[in-house]
Amino acid sequence: MLDIKFIRDNLENVKTGLGRRNGNNHDLDALLKQEEERRKGLQESEQLKNKKKKLSAEVGKLKHQGKDASKQMEEVKNLNVFIKELDEKIEELESVIHEKLLHIPNLPDESIPDGQDESSNRFVREWGRKPSLSTKPLNHIELGEKLDLIDLRRAAKISGARFAVYKGAGAALLRGLVNFMVDVQTQENGYEELYPPFLVNKASMLGTGQLPKFENDQFAMRDDPLYLIPTAEVPVTNFHREEILDEESLPICYTAYTPCFRREAGSYGKDTHGLIRQHQFDKVELVKFSRADESEQELEKLVQDAESILKKLNLHYRVMELCAGDIGVSASKTYDLEVWLPSQNTYREISSCSNFRDYQARRAQIRCKKRTGGKPEFVHTLNGSGLAAGRLFVAILENYQNAGGTVTVPDALRPYLQGRELLSL
């Protein structure tokens, strides 16, 4: 969340920054009016408590001298009533202010382009070449069903729409992709692997910004106060919640494979068939905890680490810098990696890499102890998909398809499929 003191000291800049997102300044003037009321209440409460302390000392002194202290005792009694009422009012204001702050998004980085949707995103670079296919490309559903790699019909019978069953070589390919990605990130790119819980509590969801804004997108447990994770970002970022890290330990880099669960409440009619947008999907996540002055360069490294997977698989992709109106609520700056899909003749997002600065760390109370001493400071958090396994599965089927409907296994994946070179019936 944003720091209320920062909002107060930089009001016009904050309004401008929020306006770049969607034109909504979240009624900051009313928020600061409540904050001023809270601060005045705290000052008044402190004054009354000091007065009570002096009176209580006077009562003790008078009693010790055998004198009448009834007047002072009555005044202390009245002060207790005033203090209690004032503290309750302050507590209520703090709760209201905190709730409002939870709904205010992060400020977009000054360097990212203006705009309200993906049409204003900025092209950064591309890598590789589009495949030269001798026949009209089949889509991943046609290929997957023809080669008996996936079964969407039976998945719908088991669970409903937007679920998939991976079969035989398809299941092996998905599992191989996950193992390949984790191996690259741990053995080559310097990440430590975590295998976190797939169920998290409300505090964890609040810490990374999934709550309260995206409550309707989450799968919540009926009988327990837990949520199925929408991404490994949630448990991995909260791994250090309410901790003070040593500055010397930064950056801390974690990778984690998990299934991810999303209701996709706001995406009706989008990619309802196939593997692009599922209620349950697999993903390898990259999460970093960084010093504030190093988070920008750590974001660039994070993007390169995600790109390394696509390069090893020789998949054509491009990197886009998202505009202010297209970045996520918690993000300050985001790059999307978009892989080429021949059947759609377009690019589709396969990774989103973001710098959240201290927005998540402030919510989750993750700080670092400075080597020079002084008060601990909030770290910066970053994360990115490294990558979404289901969409990578789609990209491999479509980009490596051959005439006749077979699929060549990329060289880098063959050790994970017992040396298999071709997917065919």
# chains A, B, ... in the order shown; residues from 1 in each chain; ligands from 1
call {"tool": "select_by_dssp", "arguments": {"residues": "range 125-272 of chain A", "states": "strand (DSSP E)", "output": "NGL selection string"}}
result
:A and (125-127 or 150-151 or 165-166 or 192-194 or 199-201 or 226-228 or 243-246 or 252-261)
call {"tool": "write_last_selection", "arguments": {"atoms": "N, CA and C atoms", "output": "short mmCIF file (atom, residue, chain, number, x, y, z; two decimals), in the first residue's frame"}}
result
data_model
loop_
_atom_site.label_atom_id
_atom_site.label_comp_id
_atom_site.auth_asym_id
_atom_site.auth_seq_id
_atom_site.Cartn_x
_atom_site.Cartn_y
_atom_site.Cartn_z
N ARG A 125 11.63 -5.19 -27.49
CA ARG A 125 12.50 -5.98 -28.34
C ARG A 125 11.80 -7.28 -28.71
N GLU A 126 12.37 -7.98 -29.67
CA GLU A 126 11.89 -9.31 -30.02
C GLU A 126 13.09 -10.23 -30.19
N TRP A 127 12.81 -11.53 -30.16
CA TRP A 127 13.89 -12.52 -30.29
C TRP A 127 13.40 -13.67 -31.15
N ILE A 150 -4.43 -34.21 -24.77
CA ILE A 150 -5.33 -33.54 -23.83
C ILE A 150 -6.76 -34.04 -24.06
N ASP A 151 -7.57 -33.94 -23.02
CA ASP A 151 -8.98 -34.30 -23.13
C ASP A 151 -9.80 -33.22 -22.42
N VAL A 165 -7.63 -32.19 -18.90
CA VAL A 165 -6.90 -33.38 -18.51
C VAL A 165 -5.77 -33.57 -19.52
N TYR A 166 -4.53 -33.63 -19.03
CA TYR A 166 -3.39 -33.94 -19.88
C TYR A 166 -3.17 -35.45 -19.82
N GLU A 192 16.65 -19.98 -5.54
CA GLU A 192 16.45 -21.08 -4.60
C GLU A 192 15.02 -21.57 -4.74
N GLU A 193 14.84 -22.88 -4.81
CA GLU A 193 13.50 -23.43 -5.01
C GLU A 193 12.74 -23.54 -3.69
N LEU A 194 11.49 -23.15 -3.72
CA LEU A 194 10.55 -23.37 -2.62
C LEU A 194 9.40 -24.22 -3.14
N LEU A 199 -2.72 -23.52 -0.26
CA LEU A 199 -3.78 -22.83 0.48
C LEU A 199 -3.14 -21.79 1.38
N VAL A 200 -3.67 -20.57 1.37
CA VAL A 200 -3.10 -19.49 2.18
C VAL A 200 -4.21 -18.76 2.94
N ASN A 201 -3.80 -18.06 4.00
CA ASN A 201 -4.78 -17.32 4.79
C ASN A 201 -5.02 -15.93 4.22
N LEU A 226 -9.41 -19.95 4.34
CA LEU A 226 -8.27 -20.14 3.45
C LEU A 226 -8.68 -19.95 2.00
N TYR A 227 -7.68 -19.62 1.17
CA TYR A 227 -7.90 -19.42 -0.26
C TYR A 227 -6.95 -20.31 -1.05
N LEU A 228 -7.42 -20.84 -2.19
CA LEU A 228 -6.53 -21.49 -3.13
C LEU A 228 -5.69 -20.41 -3.80
N GLU A 243 8.92 -9.88 8.71
CA GLU A 243 10.31 -10.17 9.05
C GLU A 243 11.20 -8.97 8.73
N ILE A 244 12.33 -8.91 9.42
CA ILE A 244 13.36 -7.91 9.12
C ILE A 244 14.56 -8.68 8.58
N LEU A 245 14.87 -8.46 7.31
CA LEU A 245 15.95 -9.17 6.64
C LEU A 245 17.26 -8.38 6.78
N ASP A 246 18.37 -9.06 6.67
CA ASP A 246 19.67 -8.38 6.64
C ASP A 246 19.90 -7.83 5.24
N ILE A 252 17.27 -11.56 -2.47
CA ILE A 252 16.87 -12.94 -2.24
C ILE A 252 16.01 -13.35 -3.43
N CYS A 253 16.35 -14.47 -4.05
CA CYS A 253 15.66 -14.90 -5.26
C CYS A 253 15.10 -16.31 -5.07
N TYR A 254 13.78 -16.44 -5.23
CA TYR A 254 13.13 -17.74 -5.09
C TYR A 254 12.41 -18.11 -6.39
N THR A 255 12.34 -19.40 -6.63
CA THR A 255 11.47 -19.90 -7.70
C THR A 255 10.60 -20.99 -7.10
N ALA A 256 9.39 -21.12 -7.62
CA ALA A 256 8.46 -22.12 -7.09
C ALA A 256 7.52 -22.58 -8.18
N TYR A 257 7.36 -23.89 -8.26
CA TYR A 257 6.30 -24.46 -9.10
C TYR A 257 5.06 -24.67 -8.24
N THR A 258 3.90 -24.24 -8.74
CA THR A 258 2.62 -24.55 -8.10
C THR A 258 1.53 -24.61 -9.16
N PRO A 259 0.47 -25.36 -8.88
CA PRO A 259 -0.75 -25.12 -9.65
C PRO A 259 -1.33 -23.78 -9.20
N CYS A 260 -2.09 -23.14 -10.05
CA CYS A 260 -2.70 -21.84 -9.75
C CYS A 260 -4.20 -21.95 -10.01
N PHE A 261 -4.98 -21.24 -9.20
CA PHE A 261 -6.44 -21.37 -9.27
C PHE A 261 -7.06 -19.98 -9.36
#
call {"tool": "closest_atom_pairs", "arguments": {"of": "range 300-338 of chain A", "to": "range 287-296 of chain A", "cutoff": "10 Å", "atoms": "only C-alpha atoms", "output": "Markdown table"}}
result
| residue | atom | partner | partner_atom | distance |
| --- | --- | --- | --- | --- |
| A:Glu300 | CA | A:Glu296 | CA | 6.6 |
| A:Lys301 | CA | A:Glu296 | CA | 8.9 |
| A:Leu302 | CA | A:Lys288 | CA | 8.3 |
| A:Lys333 | CA | A:Glu296 | CA | 9.1 |
call {"tool": "closest_residue", "arguments": {"among": "A:Glu421, A:Ser330, A:Asn399, A:Leu315", "to": "Gly128 in chain A", "atoms": "only C-alpha atoms"}}
result
A:Leu315
call {"tool": "closest_residue", "arguments": {"among": "A:Val234, A:Leu275, A:Leu322, A:Ala403", "to": "Thr381 in chain A", "atoms": "only C-alpha atoms"}}
result
A:Val234
call {"tool": "residues_around", "arguments": {"residues": "range 278-283 of chain A", "least_positions_apart": "5", "cutoff": "9 Å", "atoms": "only C-alpha atoms", "output": "PyMOL selection string"}}
result
chain A and resi 161-164+174+178+230-232+256-264+271-273+385-390
call {"tool": "residues_around", "arguments": {"residues": "Lys146 in chain A", "least_positions_apart": "2", "cutoff": "10 Å", "atoms": "only C-alpha atoms", "output": "PyMOL selection string"}}
result
chain A and resi 140-144+148-150+405-406+424-425
